[in-house]
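A.B. asks: Just dropping this structure here.
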Amino acid sequence: MKKMKIGVVVHGPEIVDSGYARKFLDFLEDYGTVRARLGGTMGRTAVIDAHLEDRIDIHQKLFPSQSVDKFNQEKCDVIFIINYGKSSVTGHAFGYKVYSNSKDRPPLIQMERPGEEDGSVVAWREDLQELAEDISIKMGLKTVLPEKIKENLFKEDPCQEVPTEGSDVSICRKIAGVSPDENIFVNGIVIGKSTSSEVAIIAENGRITQLIGGELKEHGVEKLGAVKLEKAIVKTGLLRKSKVKPRILTSHKSNHKFSVSYLNHAAEDIYRLKNSDMVVTVGDDTTLVAADILYRFNVPIIGITDGDLDKVVAEGFKAKGSLIVELESGWDDLVGERIFLELFNYKETIEIENIENFKRKLLQIISNMTKQYQVKYN
């Protein structure tokens, strides 16, 4: 067999936390030259914690289909996407979506849930079936045909119950493999919680208006804003559920002035703030995710929250020097906006002389607005 040019798209933290990302990269060396890059966001902390940043490129924030397209443009003979979904249903639905969103029918093979009994290999293009079968035998996985996946995905579709009137502006998207009482994320924002296993999202004129089989979270929908639902990244459950030992990277920061950044959207690229000396975060989930990521870079946060936590990661870490301000329900955005105006002058990053003075000014702004708050120090 000739040596191939191989691209690997690593998706999500679980495939890294489980150890299978490293194993599969080692395994593929027998087949040719291997290059890997991340697709998605939450996998970055997992790659850092696993000391794999020299083998898996985490420098760019790319959707999985964008990572696939990039390898395809680089003329890879085969592209693997490796994933560890919470079930084979969600994993295969993810693979189908990535292949559908990729350009020019890329030579894509998916490895899904390799540590489980239902672990599988899927050749999304017919001419790759022989290679997929060879790999599945060596890895102890089964092969699943794309036709079978599509058949299961569209077997029961809650979108069929949605009236077609105004279909030029209405989009209905079924969510596969959901269990009751799970968070529903759209582009990193929690827009609701499932109440059944048959869930679909409806958007009209680019705005999410309904969650079939779930309860819509209006505050999350507002924060999300306009969205192309058919292209959006939709996830359910926890963003990272593994219990891990976080790895702290050494940082090189100025001893003279301090840079403080402002963040009010968990779906934004938090990693670009890793060189800040402190980050002010607004919203419970934004604070939890940002604190967890920035902990790796020893960056403390000031979290403006209102106790409306959706618990998006199993464990959250906060750097020393962090503090959380918990307000009454609905006050986090109001207070955050005032802080953004008065302390940041609507700039994302500012320079300050003294961090403790900054904290005092911030708490004074909050105190001037409301007396109903608690401060929790780390």
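Following the order of the structure tokens, first chain is A, next is B, and so on, with residues numbered from 1 inside each chain and ligands from 1 in the order they appear.
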Per DSSP on the backbone, filter range 23-231 of chain A down to the residues in strand (DSSP E or B) and report them as a VMD selection string.
C.D. replies: chain A and resid 32 to 39 56 to 57 78 to 83 108 to 112 120 to 123 142 to 143 170 to 175 183 to 186 189 to 194 199 to 204 207 to 212 214 to 216
A.B. asks: I want to know what sits within 12 Å of Lys138 in chain A, based on only C-alpha atoms, with residues of the same chain fewer than 2 positions away left out; could you give that as a PyMOL selection string?
C.D. replies: chain A and resi 24+27-28+30+114+120-121+131-136+140-143
A.B. asks: Near Val227 in chain A, within 9 Å and counting only C-alpha atoms, which residues show up once chain neighbours fewer than 3 positions away are dropped, as a PDB file with C-alpha atoms, in the first residue's frame?
C.D. replies:
ATOM      1  CA  VAL A 186     -26.592  26.477  19.571  1.00  0.00           C
ATOM      2  CA  ASN A 187     -23.193  27.930  18.660  1.00  0.00           C
ATOM      3  CA  ALA A 203     -36.211  29.417  13.650  1.00  0.00           C
ATOM      4  CA  ASN A 205     -36.374  34.896   9.966  1.00  0.00           C
ATOM      5  CA  GLY A 206     -33.092  33.791  11.528  1.00  0.00           C
ATOM      6  CA  ARG A 207     -34.391  33.857  15.144  1.00  0.00           C
ATOM      7  CA  ILE A 208     -35.114  30.752  17.220  1.00  0.00           C
ATOM      8  CA  LEU A 224     -27.565  34.127  20.570  1.00  0.00           C
ATOM      9  CA  GLU A 230     -29.145  24.903   9.175  1.00  0.00           C
ATOM     10  CA  LYS A 231     -25.393  25.694   9.503  1.00  0.00           C
ATOM     11  CA  ALA A 232     -25.240  26.206  13.298  1.00  0.00           C
TER      12      ALA A 232
END
A.B. asks: So that I can check the surroundings of Ser196 in chain A, please list as a PyMOL selection string every protein, DNA and RNA residue that reaches within 9 Å of it, counting only C-alpha atoms and ignoring chain neighbours fewer than 6 positions away.
C.D. replies: chain A and resi 178-181+212-214
A.B. asks: Taking only residues of range 208-261 of chain A that have an atom at most 8 Å from an atom of range 346-349 of chain A, what is each one's shortest atom pair and its distance in Å to one decimal, using only C-alpha atoms, in chain and number order, as a tab-separated table?
C.D. replies:
residue	atom	partner	partner_atom	distance
A:Ser259	CA	A:Thr349	CA	6.5
A:Val260	CA	A:Thr349	CA	5.6
A:Ser261	CA	A:Thr349	CA	4.2
A.B. asks: A:His92, A:Arg272, A:His11, A:Arg240: which is nearest Ile149 in chain A, counting only C-alpha atoms?
C.D. replies: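 Looking at the shortest contact to Ile149 in chain A, the residue is A:His92.
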A.B. asks: Pick from A:Lys86, A:Lys5, A:His265, A:Lys155: nearest to Gly115 in chain A, with only C-alpha atoms counted?
C.D. replies: A:Lys86
A.B. asks: So which one's closest to Cys76 in chain A, A:Lys3, A:Lys359, A:Arg247, A:Lys371? Using only C-alpha atoms, please.
C.D. replies: A:Lys3
A.B. asks: Using DSSP on the backbone coordinates, identify the residues of range 139-358 of chain A assigned to alpha helix (DSSP H); present them as a PyMOL selection string.
C.D. replies: chain A and resi 139+146-153+218-224+284-295+331-342+355-358
A.B. asks: Could you name the residues that touch Ala176 in chain A at 9 Å or less, counting only C-alpha atoms, but leaving out those on the same chain fewer than 5 positions away, as a ChimeraX atom specification?
C.D. replies: /A:89-90,93-94,153,197-200
A.B. asks: Could you write those residues out with N, CA and C atoms, as a compact mmCIF listing (two decimals), in the first residue's frame?
C.D. replies:
# COMPACT_ATOMS: atom_id res chain seq x y z
N VAL A 89 -25.84 7.49 18.01
CA VAL A 89 -26.81 8.30 17.26
C VAL A 89 -26.31 9.74 17.11
N THR A 90 -25.90 10.35 18.24
CA THR A 90 -25.41 11.74 18.16
C THR A 90 -24.11 11.80 17.36
N ALA A 93 -24.91 11.41 13.65
CA ALA A 93 -25.60 12.62 13.19
C ALA A 93 -24.59 13.75 12.98
N PHE A 94 -23.62 13.83 13.89
CA PHE A 94 -22.55 14.82 13.77
C PHE A 94 -21.75 14.59 12.48
N LEU A 153 -31.56 8.51 10.95
CA LEU A 153 -31.70 9.93 11.26
C LEU A 153 -33.07 10.49 10.88
N SER A 197 -37.12 12.93 24.28
CA SER A 197 -36.02 12.47 23.41
C SER A 197 -36.28 12.85 21.96
N GLU A 198 -37.43 13.44 21.67
CA GLU A 198 -37.76 13.91 20.32
C GLU A 198 -37.72 15.43 20.33
N VAL A 199 -36.61 15.98 19.87
CA VAL A 199 -36.40 17.42 20.00
C VAL A 199 -36.08 18.04 18.64
N ALA A 200 -36.66 19.21 18.40
CA ALA A 200 -36.35 19.97 17.18
C ALA A 200 -36.38 21.46 17.50
